[in-house]
>>> print(open('my_file-v9.cif').read())   # mmCIF, C-alpha atoms and all ligand atoms
data_target
loop_
_atom_site.group_PDB
_atom_site.id
_atom_site.type_symbol
_atom_site.label_atom_id
_atom_site.label_comp_id
_atom_site.auth_asym_id
_atom_site.auth_seq_id
_atom_site.Cartn_x
_atom_site.Cartn_y
_atom_site.Cartn_z
ATOM 1 C CA MET A 1149 0.477 4.363 22.694
ATOM 2 C CA SER A 1150 -2.290 6.741 21.686
ATOM 3 C CA ARG A 1151 -0.676 9.027 19.145
ATOM 4 C CA LEU A 1152 -3.784 8.766 16.946
ATOM 5 C CA GLU A 1153 -6.524 9.186 19.576
ATOM 6 C CA SER A 1154 -9.844 10.288 17.978
ATOM 7 C CA LYS A 1155 -8.435 10.025 14.445
ATOM 8 C CA VAL A 1156 -10.091 8.104 11.613
ATOM 9 C CA ALA A 1157 -7.951 6.178 9.101
ATOM 10 C CA PHE A 1158 -9.026 4.973 5.634
ATOM 11 C CA ILE A 1159 -7.016 1.969 4.371
ATOM 12 C CA THR A 1160 -7.269 0.050 1.075
ATOM 13 C CA GLY A 1161 -6.190 -3.583 0.671
ATOM 14 C CA VAL A 1162 -7.090 -4.040 4.324
ATOM 15 C CA ALA A 1163 -8.149 -7.724 4.314
ATOM 16 C CA ARG A 1164 -4.684 -9.179 4.967
ATOM 17 C CA GLY A 1165 -0.938 -8.660 4.715
ATOM 18 C CA GLN A 1166 0.394 -5.149 5.158
ATOM 19 C CA GLY A 1167 -3.053 -3.498 4.979
ATOM 20 C CA ARG A 1168 -4.252 -5.577 7.918
ATOM 21 C CA ALA A 1169 -1.054 -4.830 9.878
ATOM 22 C CA HIS A 1170 -1.552 -1.082 9.274
ATOM 23 C CA ALA A 1171 -5.195 -1.318 10.405
ATOM 24 C CA VAL A 1172 -4.294 -3.094 13.654
ATOM 25 C CA ARG A 1173 -1.348 -0.772 14.368
ATOM 26 C CA LEU A 1174 -3.288 2.458 13.725
ATOM 27 C CA ALA A 1175 -6.192 1.115 15.825
ATOM 28 C CA ARG A 1176 -3.759 0.318 18.654
ATOM 29 C CA GLU A 1177 -2.627 3.943 18.481
ATOM 30 C CA GLY A 1178 -6.248 5.098 18.895
ATOM 31 C CA ALA A 1179 -7.687 5.439 15.365
ATOM 32 C CA ASP A 1180 -10.987 4.076 14.095
ATOM 33 C CA ILE A 1181 -10.516 2.223 10.812
ATOM 34 C CA VAL A 1182 -12.455 2.470 7.560
ATOM 35 C CA GLY A 1183 -11.310 0.219 4.772
ATOM 36 C CA LEU A 1184 -11.915 -1.643 1.580
ATOM 37 C CA ASP A 1185 -10.584 -4.793 -0.091
ATOM 38 C CA LEU A 1186 -11.486 -6.702 -3.228
ATOM 39 C CA ALA A 1187 -11.449 -9.914 -1.136
ATOM 40 C CA ALA A 1188 -12.039 -11.868 -4.339
ATOM 41 C CA PRO A 1189 -9.924 -13.382 -7.155
ATOM 42 C CA LEU A 1190 -7.218 -10.987 -8.371
ATOM 43 C CA PRO A 1191 -6.433 -10.722 -12.102
ATOM 44 C CA GLY A 1192 -3.647 -13.056 -13.248
ATOM 45 C CA VAL A 1193 -1.610 -13.218 -10.025
ATOM 46 C CA PRO A 1194 0.356 -16.396 -9.173
ATOM 47 C CA TYR A 1195 -0.498 -16.152 -5.440
ATOM 48 C CA GLU A 1196 -3.654 -16.797 -3.420
ATOM 49 C CA SER A 1197 -6.343 -14.095 -3.370
ATOM 50 C CA ALA A 1198 -7.876 -12.585 -0.238
ATOM 51 C CA THR A 1199 -11.375 -13.658 0.871
ATOM 52 C CA PRO A 1200 -14.333 -12.134 2.748
ATOM 53 C CA ALA A 1201 -13.213 -14.258 5.738
ATOM 54 C CA ASP A 1202 -9.858 -12.404 5.697
ATOM 55 C CA LEU A 1203 -11.730 -9.092 5.731
ATOM 56 C CA ALA A 1204 -13.890 -10.265 8.649
ATOM 57 C CA GLU A 1205 -10.745 -11.262 10.530
ATOM 58 C CA THR A 1206 -9.274 -7.772 10.132
ATOM 59 C CA THR A 1207 -12.557 -6.325 11.430
ATOM 60 C CA ALA A 1208 -12.327 -8.552 14.513
ATOM 61 C CA LEU A 1209 -8.669 -7.613 15.090
ATOM 62 C CA VAL A 1210 -9.435 -3.865 14.935
ATOM 63 C CA GLU A 1211 -12.402 -4.276 17.273
ATOM 64 C CA ALA A 1212 -10.197 -6.274 19.658
ATOM 65 C CA GLU A 1213 -8.068 -3.110 19.925
ATOM 66 C CA GLY A 1214 -11.210 -1.332 21.159
ATOM 67 C CA ARG A 1215 -11.720 0.732 17.992
ATOM 68 C CA LYS A 1216 -14.508 0.910 15.406
ATOM 69 C CA ALA A 1217 -14.074 -0.846 12.067
ATOM 70 C CA ILE A 1218 -16.078 -0.137 8.916
ATOM 71 C CA LEU A 1219 -14.551 -2.547 6.417
ATOM 72 C CA ARG A 1220 -16.231 -3.318 3.086
ATOM 73 C CA GLN A 1221 -15.682 -5.531 0.084
ATOM 74 C CA GLY A 1222 -14.945 -3.259 -2.884
ATOM 75 C CA ASP A 1223 -12.567 -2.402 -5.694
ATOM 76 C CA VAL A 1224 -10.096 0.507 -5.802
ATOM 77 C CA ARG A 1225 -10.767 0.669 -9.562
ATOM 78 C CA ASP A 1226 -14.297 1.846 -8.660
ATOM 79 C CA LEU A 1227 -14.119 5.544 -7.743
ATOM 80 C CA ASP A 1228 -17.820 5.663 -6.833
ATOM 81 C CA ALA A 1229 -17.409 2.799 -4.335
ATOM 82 C CA LEU A 1230 -14.503 4.634 -2.685
ATOM 83 C CA LYS A 1231 -16.524 7.870 -2.550
ATOM 84 C CA ALA A 1232 -19.489 6.033 -1.006
ATOM 85 C CA LEU A 1233 -17.257 4.516 1.682
ATOM 86 C CA ALA A 1234 -15.638 7.893 2.418
ATOM 87 C CA ALA A 1235 -19.125 9.412 2.799
ATOM 88 C CA GLU A 1236 -20.138 6.582 5.148
ATOM 89 C CA ALA A 1237 -17.010 7.238 7.237
ATOM 90 C CA VAL A 1238 -17.796 10.940 7.492
ATOM 91 C CA ASN A 1239 -21.444 10.213 8.446
ATOM 92 C CA GLN A 1240 -20.665 7.555 11.030
ATOM 93 C CA LEU A 1241 -17.287 8.637 12.418
ATOM 94 C CA GLY A 1242 -17.334 12.399 11.835
ATOM 95 C CA GLY A 1243 -14.563 12.691 9.226
ATOM 96 C CA LEU A 1244 -11.256 11.361 7.961
ATOM 97 C CA ASP A 1245 -7.701 12.219 9.069
ATOM 98 C CA ILE A 1246 -5.424 9.508 7.644
ATOM 99 C CA VAL A 1247 -5.426 7.692 4.302
ATOM 100 C CA VAL A 1248 -3.278 4.657 3.460
ATOM 101 C CA ALA A 1249 -3.502 3.699 -0.240
ATOM 102 C CA ASN A 1250 -2.089 0.191 0.073
ATOM 103 C CA ALA A 1251 -4.017 -2.122 -2.311
ATOM 104 C CA GLY A 1252 -1.867 -3.499 -5.105
ATOM 105 C CA ILE A 1253 -1.026 -6.496 -7.268
ATOM 106 C CA CYS A 1254 2.271 -7.934 -8.481
ATOM 107 C CA ILE A 1255 2.866 -10.394 -11.340
ATOM 108 C CA PRO A 1256 6.410 -11.554 -12.164
ATOM 109 C CA ALA A 1257 7.069 -11.883 -15.908
ATOM 110 C CA THR A 1258 10.028 -11.188 -18.185
ATOM 111 C CA TRP A 1259 9.535 -8.299 -20.607
ATOM 112 C CA ASP A 1260 8.779 -10.638 -23.532
ATOM 113 C CA GLU A 1261 6.304 -12.756 -21.513
ATOM 114 C CA SER A 1262 4.344 -9.686 -20.401
ATOM 115 C CA THR A 1263 0.894 -9.143 -21.861
ATOM 116 C CA PRO A 1264 -1.213 -6.018 -22.492
ATOM 117 C CA ALA A 1265 -3.665 -7.272 -19.841
ATOM 118 C CA MET A 1266 -0.876 -7.571 -17.268
ATOM 119 C CA PHE A 1267 0.289 -4.016 -17.951
ATOM 120 C CA ALA A 1268 -3.270 -2.653 -17.897
ATOM 121 C CA ASP A 1269 -4.156 -4.426 -14.633
ATOM 122 C CA HIS A 1270 -1.076 -2.976 -12.887
ATOM 123 C CA MET A 1271 -1.919 0.513 -14.115
ATOM 124 C CA ASP A 1272 -5.618 0.147 -13.202
ATOM 125 C CA ILE A 1273 -5.039 -1.152 -9.658
ATOM 126 C CA ASN A 1274 -1.603 0.128 -8.593
ATOM 127 C CA VAL A 1275 -1.853 3.578 -10.202
ATOM 128 C CA THR A 1276 -5.477 4.532 -10.953
ATOM 129 C CA GLY A 1277 -6.558 2.732 -7.756
ATOM 130 C CA VAL A 1278 -4.221 4.917 -5.702
ATOM 131 C CA TRP A 1279 -5.356 8.068 -7.524
ATOM 132 C CA ASN A 1280 -9.003 7.057 -6.962
ATOM 133 C CA THR A 1281 -8.311 6.541 -3.249
ATOM 134 C CA VAL A 1282 -6.858 10.036 -2.838
ATOM 135 C CA MET A 1283 -9.568 11.667 -4.977
ATOM 136 C CA ALA A 1284 -12.336 9.999 -2.946
ATOM 137 C CA THR A 1285 -10.901 10.849 0.464
ATOM 138 C CA ALA A 1286 -8.931 14.114 0.205
ATOM 139 C CA PRO A 1287 -12.076 16.314 0.304
ATOM 140 C CA ALA A 1288 -12.847 14.956 3.793
ATOM 141 C CA LEU A 1289 -9.300 15.817 4.940
ATOM 142 C CA VAL A 1290 -9.648 19.313 3.454
ATOM 143 C CA GLU A 1291 -12.922 19.649 5.384
ATOM 144 C CA ARG A 1292 -11.121 18.563 8.585
ATOM 145 C CA GLY A 1293 -8.409 21.226 8.055
ATOM 146 C CA GLY A 1294 -5.536 18.781 7.505
ATOM 147 C CA GLY A 1295 -4.350 15.195 7.627
ATOM 148 C CA SER A 1296 -1.831 12.647 6.434
ATOM 149 C CA ILE A 1297 -1.958 10.626 3.222
ATOM 150 C CA ILE A 1298 0.414 7.680 2.808
ATOM 151 C CA LEU A 1299 0.812 6.008 -0.580
ATOM 152 C CA ILE A 1300 2.307 2.522 -0.572
ATOM 153 C CA SER A 1301 4.839 2.258 -3.365
ATOM 154 C CA SER A 1302 7.766 -0.204 -3.231
ATOM 155 C CA TYR A 1303 11.493 -0.666 -3.557
ATOM 156 C CA ALA A 1304 10.378 -0.967 -7.203
ATOM 157 C CA GLY A 1305 9.197 2.666 -7.058
ATOM 158 C CA LYS A 1306 12.756 3.853 -6.410
ATOM 159 C CA LYS A 1307 14.981 1.349 -8.205
ATOM 160 C CA VAL A 1308 13.963 -1.659 -10.355
ATOM 161 C CA GLN A 1309 12.168 -4.894 -9.566
ATOM 162 C CA PRO A 1310 13.694 -7.060 -12.284
ATOM 163 C CA PHE A 1311 11.314 -9.024 -14.504
ATOM 164 C CA MET A 1312 8.387 -6.742 -13.665
ATOM 165 C CA VAL A 1313 8.397 -3.799 -16.094
ATOM 166 C CA HIS A 1314 4.671 -3.254 -15.434
ATOM 167 C CA TYR A 1315 5.049 -3.357 -11.603
ATOM 168 C CA THR A 1316 8.140 -1.106 -11.605
ATOM 169 C CA THR A 1317 6.353 1.370 -13.886
ATOM 170 C CA SER A 1318 3.279 1.412 -11.648
ATOM 171 C CA LYS A 1319 5.255 1.925 -8.429
ATOM 172 C CA HIS A 1320 7.355 4.754 -9.943
ATOM 173 C CA ALA A 1321 4.047 6.408 -10.882
ATOM 174 C CA VAL A 1322 3.040 6.274 -7.208
ATOM 175 C CA THR A 1323 6.323 7.999 -6.261
ATOM 176 C CA GLY A 1324 5.568 10.854 -8.675
ATOM 177 C CA MET A 1325 1.932 11.006 -7.610
ATOM 178 C CA THR A 1326 3.074 11.461 -3.999
ATOM 179 C CA ARG A 1327 5.042 14.585 -4.877
ATOM 180 C CA ALA A 1328 2.314 15.991 -7.126
ATOM 181 C CA PHE A 1329 -0.497 15.584 -4.566
ATOM 182 C CA ALA A 1330 1.806 16.875 -1.783
ATOM 183 C CA ALA A 1331 2.433 20.068 -3.744
ATOM 184 C CA GLU A 1332 -1.249 20.966 -4.056
ATOM 185 C CA LEU A 1333 -2.631 19.550 -0.816
ATOM 186 C CA GLY A 1334 0.030 21.262 1.324
ATOM 187 C CA ALA A 1335 -2.069 24.433 1.207
ATOM 188 C CA HIS A 1336 -4.726 22.476 3.148
ATOM 189 C CA ASN A 1337 -2.253 21.235 5.806
ATOM 190 C CA ILE A 1338 -2.402 17.777 4.258
ATOM 191 C CA ARG A 1339 0.897 15.889 4.107
ATOM 192 C CA VAL A 1340 1.452 13.262 1.401
ATOM 193 C CA ASN A 1341 4.321 10.778 1.689
ATOM 194 C CA SER A 1342 5.091 7.399 0.144
ATOM 195 C CA VAL A 1343 6.430 4.234 1.780
ATOM 196 C CA HIS A 1344 8.732 1.892 -0.157
ATOM 197 C CA PRO A 1345 8.961 -1.617 1.314
ATOM 198 C CA GLY A 1346 11.491 -4.184 0.122
ATOM 199 C CA ALA A 1347 10.400 -7.820 0.364
ATOM 200 C CA VAL A 1348 7.671 -8.300 2.999
ATOM 201 C CA ALA A 1349 6.322 -11.589 4.388
ATOM 202 C CA THR A 1350 2.673 -11.449 3.260
ATOM 203 C CA PRO A 1351 0.312 -13.736 1.284
ATOM 204 C CA MET A 1352 1.600 -11.969 -1.855
ATOM 205 C CA GLY A 1353 4.413 -14.510 -1.543
ATOM 206 C CA SER A 1354 2.056 -17.522 -1.401
ATOM 207 C CA GLY A 1355 1.073 -20.073 -4.060
ATOM 208 C CA ASP A 1356 3.358 -20.077 -7.105
ATOM 209 C CA MET A 1357 4.817 -16.594 -6.483
ATOM 210 C CA VAL A 1358 8.274 -17.703 -5.334
ATOM 211 C CA ALA A 1359 8.532 -20.310 -8.102
ATOM 212 C CA ARG A 1360 7.588 -17.685 -10.723
ATOM 213 C CA ILE A 1361 10.192 -15.255 -9.372
ATOM 214 C CA GLU A 1362 12.830 -17.998 -9.557
ATOM 215 C CA GLU A 1363 11.798 -18.831 -13.133
ATOM 216 C CA THR A 1364 12.061 -15.221 -14.231
ATOM 217 C CA ASN A 1365 15.425 -14.812 -12.445
ATOM 218 C CA ALA A 1366 16.762 -17.693 -14.536
ATOM 219 C CA ALA A 1367 16.207 -15.568 -17.649
ATOM 220 C CA ASN A 1368 19.093 -13.300 -16.563
ATOM 221 C CA PRO A 1369 20.792 -14.321 -13.287
ATOM 222 C CA ARG A 1370 22.871 -11.094 -13.318
ATOM 223 C CA LEU A 1371 19.715 -9.210 -12.320
ATOM 224 C CA ALA A 1372 18.570 -11.691 -9.674
ATOM 225 C CA VAL A 1373 20.714 -10.144 -6.908
ATOM 226 C CA MET A 1374 19.238 -6.667 -7.373
ATOM 227 C CA GLY A 1375 17.563 -5.457 -4.220
ATOM 228 C CA THR A 1376 19.663 -7.468 -1.780
ATOM 229 C CA PRO A 1377 19.446 -5.730 1.640
ATOM 230 C CA PHE A 1378 22.611 -4.599 3.464
ATOM 231 C CA LEU A 1379 21.202 -6.072 6.669
ATOM 232 C CA ASN A 1380 21.263 -9.828 7.311
ATOM 233 C CA GLN A 1381 17.459 -9.896 7.434
ATOM 234 C CA TYR A 1382 16.139 -10.371 3.887
ATOM 235 C CA VAL A 1383 12.366 -10.051 4.359
ATOM 236 C CA ALA A 1384 10.447 -7.580 6.559
ATOM 237 C CA GLU A 1385 7.500 -8.476 8.743
ATOM 238 C CA PRO A 1386 4.380 -6.422 7.831
ATOM 239 C CA GLU A 1387 4.559 -4.750 11.271
ATOM 240 C CA GLU A 1388 7.944 -3.252 10.346
ATOM 241 C CA ILE A 1389 6.231 -1.404 7.487
ATOM 242 C CA SER A 1390 3.396 -0.414 9.855
ATOM 243 C CA ASN A 1391 5.973 1.304 12.096
ATOM 244 C CA ALA A 1392 6.782 3.711 9.256
ATOM 245 C CA VAL A 1393 3.090 4.149 8.360
ATOM 246 C CA ALA A 1394 2.182 4.957 11.995
ATOM 247 C CA PHE A 1395 5.017 7.510 12.190
ATOM 248 C CA LEU A 1396 3.884 9.207 8.965
ATOM 249 C CA ALA A 1397 0.257 9.163 10.173
ATOM 250 C CA SER A 1398 1.196 10.820 13.461
ATOM 251 C CA ASP A 1399 2.159 14.384 14.354
ATOM 252 C CA GLU A 1400 5.726 13.183 14.927
ATOM 253 C CA SER A 1401 6.217 13.626 11.189
ATOM 254 C CA SER A 1402 4.433 17.000 11.163
ATOM 255 C CA PHE A 1403 6.952 18.761 8.867
ATOM 256 C CA MET A 1404 7.465 15.839 6.474
ATOM 257 C CA THR A 1405 5.699 15.864 3.144
ATOM 258 C CA ALA A 1406 6.507 14.788 -0.443
ATOM 259 C CA GLU A 1407 8.995 12.334 1.108
ATOM 260 C CA HIS A 1408 9.648 8.762 -0.054
ATOM 261 C CA VAL A 1409 10.430 6.593 2.952
ATOM 262 C CA SER A 1410 12.156 3.253 2.300
ATOM 263 C CA VAL A 1411 11.823 0.280 4.650
ATOM 264 C CA ASP A 1412 14.036 -2.128 2.730
ATOM 265 C CA GLY A 1413 17.199 -2.812 4.734
ATOM 266 C CA GLY A 1414 19.132 -0.672 2.239
ATOM 267 C CA ALA A 1415 18.079 -2.756 -0.784
ATOM 268 C CA GLN A 1416 17.544 0.277 -3.033
ATOM 269 C CA TYR A 1417 21.280 1.073 -2.846
ATOM 270 C CA PHE A 1418 22.573 -2.415 -3.614
HETATM 271 N N1 LIG A 1501 4.875 -8.111 -0.180
HETATM 272 C C1 LIG A 1501 5.912 -7.446 -0.669
HETATM 273 O O1 LIG A 1501 7.025 -7.992 -0.742
HETATM 274 C C2 LIG A 1501 5.763 -6.006 -1.106
HETATM 275 C C3 LIG A 1501 6.928 -5.261 -1.313
HETATM 276 C C4 LIG A 1501 6.826 -3.923 -1.677
HETATM 277 C C5 LIG A 1501 5.583 -3.346 -1.854
HETATM 278 N N2 LIG A 1501 4.464 -4.098 -1.658
HETATM 279 C C6 LIG A 1501 3.168 -3.419 -1.829
HETATM 280 O O2 LIG A 1501 2.511 -3.383 -0.585
HETATM 281 C C7 LIG A 1501 1.092 -3.360 -0.787
HETATM 282 C C8 LIG A 1501 0.428 -4.440 0.060
HETATM 283 O O3 LIG A 1501 0.881 -5.700 -0.408
HETATM 284 P P1 LIG A 1501 0.891 -7.027 0.498
HETATM 285 O O4 LIG A 1501 2.282 -7.521 0.506
HETATM 286 O O5 LIG A 1501 0.176 -6.801 1.758
HETATM 287 O O6 LIG A 1501 0.066 -7.998 -0.502
HETATM 288 P P2 LIG A 1501 -1.300 -8.816 -0.295
HETATM 289 O O7 LIG A 1501 -1.587 -9.436 -1.633
HETATM 290 O O8 LIG A 1501 -1.170 -9.722 0.868
HETATM 291 O O9 LIG A 1501 -2.375 -7.700 0.074
HETATM 292 C C9 LIG A 1501 -2.873 -6.804 -0.899
HETATM 293 C C10 LIG A 1501 -4.346 -6.641 -0.661
HETATM 294 O O10 LIG A 1501 -4.840 -5.712 -1.664
HETATM 295 C C11 LIG A 1501 -6.086 -6.214 -2.102
HETATM 296 N N3 LIG A 1501 -6.381 -5.709 -3.462
HETATM 297 C C12 LIG A 1501 -5.733 -6.015 -4.597
HETATM 298 N N4 LIG A 1501 -6.339 -5.440 -5.640
HETATM 299 C C13 LIG A 1501 -7.400 -4.754 -5.141
HETATM 300 C C14 LIG A 1501 -8.410 -3.960 -5.719
HETATM 301 N N5 LIG A 1501 -8.496 -3.798 -7.059
HETATM 302 N N6 LIG A 1501 -9.319 -3.358 -4.919
HETATM 303 C C15 LIG A 1501 -9.270 -3.545 -3.563
HETATM 304 N N7 LIG A 1501 -8.353 -4.318 -2.964
HETATM 305 C C16 LIG A 1501 -7.423 -4.910 -3.753
HETATM 306 C C17 LIG A 1501 -5.937 -7.721 -2.094
HETATM 307 O O11 LIG A 1501 -7.201 -8.390 -2.080
HETATM 308 C C18 LIG A 1501 -5.124 -7.953 -0.831
HETATM 309 O O12 LIG A 1501 -5.924 -8.206 0.284
HETATM 310 C C19 LIG A 1501 0.884 -3.508 -2.289
HETATM 311 O O13 LIG A 1501 0.689 -2.229 -2.872
HETATM 312 C C20 LIG A 1501 2.205 -4.100 -2.756
HETATM 313 O O14 LIG A 1501 2.458 -3.816 -4.111
HETATM 314 C C21 LIG A 1501 4.529 -5.417 -1.296
#
>>> encode(input="my_file-v9.cif", output="structure tokens")
Amino acid sequence: MSRLESKVAFITGVARGQGRAHAVRLAREGADIVGLDLAAPLPGVPYESATPADLAETTALVEAEGRKAILRQGDVRDLDALKALAAEAVNQLGGLDIVVANAGICIPATWDESTPAMFADHMDINVTGVWNTVMATAPALVERGGGSIILISSYAGKKVQPFMVHYTTSKHAVTGMTRAFAAELGAHNIRVNSVHPGAVATPMGSGDMVARIEETNAANPRLAVMGTPFLNQYVAEPEEISNAVAFLASDESSFMTAEHVSVDGGAQYF
């Protein structure tokens, strides 16, 4: 596999979970990886936060694929930090071809438990963070004469993740942002697509996450079955999402843009 030979990919939320899987997969296909992760306590989440050791492990995994890794601790809410990393990538690796805006948070809460801080944090990270990522990197893709931008939304960006008004709102915003950026960046041969995973086995499901989801489900069990996949498999492995990301990053999807690709076992139609 070397569909991405001599390409450079910029990935946020790269310390663990899906971001790490995307980094390893794109490196295996030939891309050098530039990336950023908070790797520090996340605001208000019921699961464990990523650490600098997680980020170092992703670096080692990319290098084990024989590719370069420039991975930094940083926050997608900080546009200047993203711009500085994009500039470093251009200086050291010659440019950028692929962007994966993957960093995100998720806090289960019924509508009447939700707080202004919870809503603001989802908008700041899941929406403004994605916008910041595109704004910081797209100029390098324009300079290169084209590229592929992949925004990680969710099943919740197409249907509804019950008991997460803030998360569902943020992921629908990413779906709209995909179309809006695709419309303008198409003139530069830049494709913009979103990926919509259903449940994925990552550290987002660690700590008290499952218990909190079960508690919120109890508030209205009718909604608890929403998002059941048609397939027998309920939860995806991160690598199954990476398959879609690698396809969208490659020339095999050369005439696809403004598309919203689900990897959810059919859950959005249940
Ligand atoms: N796990 C699922 O079931 C699932 C389902 C659908 C969509 N998603 C989405 O997929 C993406 C990846 O999630 P995951 O499952 O790998 O979760 P994860 O929590 O394992 O990984 C997310 C990473 O993003 C980083 N991050 C969070 N806020 C950040 C910030 N402000 N700046 C920089 N980095 C930040 C975290 O430190 C973490 O390493 C997220 O956008 C998530 O919403 C997840």
>>> closest_residue(input="my_file-v9.cif", among="A:Val1224, A:Ile1159, A:Ile1389, A:Val1248", to="ligand LIG 1501 (chain A)", atoms="all atoms listed in the file")
A:Val1224
>>> resolve_selection(input="my_file-v9.cif", expression="the PyMOL selection byres (((not hetatm)) within 7 of (chain A and resi 1501))", output="PyMOL selection string")
chain A and resi 1160-1167+1184-1188+1190+1197-1198+1222-1225+1250-1254+1273-1274+1277+1300-1303+1344-1353
>>> closest_residue(input="my_file-v9.cif", among="A:Val1290, A:Ala1406, A:Ala1235, A:Met1266", to="Met1325 (chain A)", atoms="only C-alpha atoms")
A:Ala1406
>>> residues_around(input="my_file-v9.cif", residues="Val1308 (chain A)", least_positions_apart="5", cutoff="9 Å", atoms="all atoms listed in the file", output="ChimeraX atom specification")
/A:1303,1313,1316-1317,1374-1375,1416
>>> atom_distance(input="my_file-v9.cif", atom1="CA of Leu1209 (chain A)", atom2="CA of Ile1338 (chain A)")
28.3 Å
>>> resolve_selection(input="my_file-v9.cif", expression="the PyMOL selection byres (((chain A and resi 1367) around 12) and not hetatm)", output="PDB file with C-alpha atoms, in the coordinates of the input")
ATOM      1  CA  PRO A1256       6.410 -11.554 -12.164  1.00  0.00           C
ATOM      2  CA  ALA A1257       7.069 -11.883 -15.908  1.00  0.00           C
ATOM      3  CA  THR A1258      10.028 -11.188 -18.185  1.00  0.00           C
ATOM      4  CA  TRP A1259       9.535  -8.299 -20.607  1.00  0.00           C
ATOM      5  CA  ASP A1260       8.779 -10.638 -23.532  1.00  0.00           C
ATOM      6  CA  GLU A1261       6.304 -12.756 -21.513  1.00  0.00           C
ATOM      7  CA  PRO A1310      13.694  -7.060 -12.284  1.00  0.00           C
ATOM      8  CA  PHE A1311      11.314  -9.024 -14.504  1.00  0.00           C
ATOM      9  CA  ARG A1360       7.588 -17.685 -10.723  1.00  0.00           C
ATOM     10  CA  ILE A1361      10.192 -15.255  -9.372  1.00  0.00           C
ATOM     11  CA  GLU A1362      12.830 -17.998  -9.557  1.00  0.00           C
ATOM     12  CA  GLU A1363      11.798 -18.831 -13.133  1.00  0.00           C
ATOM     13  CA  THR A1364      12.061 -15.221 -14.231  1.00  0.00           C
ATOM     14  CA  ASN A1365      15.425 -14.812 -12.445  1.00  0.00           C
ATOM     15  CA  ALA A1366      16.762 -17.693 -14.536  1.00  0.00           C
ATOM     16  CA  ASN A1368      19.093 -13.300 -16.563  1.00  0.00           C
ATOM     17  CA  PRO A1369      20.792 -14.321 -13.287  1.00  0.00           C
ATOM     18  CA  ARG A1370      22.871 -11.094 -13.318  1.00  0.00           C
ATOM     19  CA  LEU A1371      19.715  -9.210 -12.320  1.00  0.00           C
ATOM     20  CA  ALA A1372      18.570 -11.691  -9.674  1.00  0.00           C
TER      21      ALA A1372
END
>>> closest_residue(input="my_file-v9.cif", among="A:Val1373, A:Leu1203, A:Leu1299, A:Ala1171", to="Ala1321 (chain A)", atoms="only C-alpha atoms")
A:Leu1299
>>> resolve_selection(input="my_file-v9.cif", expression="the PyMOL selection byres (((chain A and resi 1174) around 9) and not hetatm)", output="number ranges by chain")
A: 1151-1152, 1157, 1169-1173, 1175-1181, 1210, 1390, 1393-1394, 1397
>>> atom_distance(input="my_file-v9.cif", atom1="CA of Gly1295 (chain A)", atom2="CA of Arg1168 (chain A)")
20.8 Å
>>> residues_near_point(input="my_file-v9.cif", point="(-17.5, 10.3, 4.0)", cutoff="12 Å", atoms="all atoms listed in the file", output="ChimeraX atom specification")
/A:1156-1158,1182-1183,1218,1228-1245,1284-1292
>>> atom_distance(input="my_file-v9.cif", atom1="CA of Ala1330 (chain A)", atom2="CA of Arg1215 (chain A)")
28.9 Å
>>> closest_residue(input="my_file-v9.cif", among="A:Thr1199, A:Asn1341, A:Thr1207, A:Ser1262", to="Ser1402 (chain A)", atoms="only C-alpha atoms")
A:Asn1341
>>> residues_around(input="my_file-v9.cif", residues="Thr1276 (chain A)", least_positions_apart="2", cutoff="10 Å", atoms="all atoms listed in the file", output="JSON list (two decimals) with C-alpha atoms, in the frame of the given file")
[["chain", "number", "residue", "atom", "x", "y", "z"],
["A", 1224, "VAL", "CA", -10.10, 0.51, -5.80],
["A", 1225, "ARG", "CA", -10.77, 0.67, -9.56],
["A", 1226, "ASP", "CA", -14.30, 1.85, -8.66],
["A", 1227, "LEU", "CA", -14.12, 5.54, -7.74],
["A", 1269, "ASP", "CA", -4.16, -4.43, -14.63],
["A", 1270, "HIS", "CA", -1.08, -2.98, -12.89],
["A", 1271, "MET", "CA", -1.92, 0.51, -14.12],
["A", 1272, "ASP", "CA", -5.62, 0.15, -13.20],
["A", 1273, "ILE", "CA", -5.04, -1.15, -9.66],
["A", 1274, "ASN", "CA", -1.60, 0.13, -8.59],
["A", 1278, "VAL", "CA", -4.22, 4.92, -5.70],
["A", 1279, "TRP", "CA", -5.36, 8.07, -7.52],
["A", 1280, "ASN", "CA", -9.00, 7.06, -6.96],
["A", 1281, "THR", "CA", -8.31, 6.54, -3.25],
["A", 1282, "VAL", "CA", -6.86, 10.04, -2.84],
["A", 1318, "SER", "CA", 3.28, 1.41, -11.65],
["A", 1321, "ALA", "CA", 4.05, 6.41, -10.88],
["A", 1322, "VAL", "CA", 3.04, 6.27, -7.21]]
>>> residues_around(input="my_file-v9.cif", residues="Gly1414 (chain A)", least_positions_apart="5", cutoff="8 Å", atoms="all atoms listed in the file", output="PyMOL selection string")
chain A and resi 1376-1379
>>> write_last_selection(input="my_file-v9.cif", atoms="C-alpha atoms", output="mmCIF file, keeping the file's coordinate frame")
data_model
loop_
_atom_site.group_PDB
_atom_site.id
_atom_site.type_symbol
_atom_site.label_atom_id
_atom_site.label_comp_id
_atom_site.auth_asym_id
_atom_site.auth_seq_id
_atom_site.Cartn_x
_atom_site.Cartn_y
_atom_site.Cartn_z
ATOM 1 C CA THR A 1376 19.663 -7.468 -1.780
ATOM 2 C CA PRO A 1377 19.446 -5.730 1.640
ATOM 3 C CA PHE A 1378 22.611 -4.599 3.464
ATOM 4 C CA LEU A 1379 21.202 -6.072 6.669
#
>>> closest_residue(input="my_file-v9.cif", among="A:Ser1296, A:Thr1206, A:Gln1309, A:Ser1354", to="His1336 (chain A)", atoms="all atoms listed in the file")
A:Ser1296
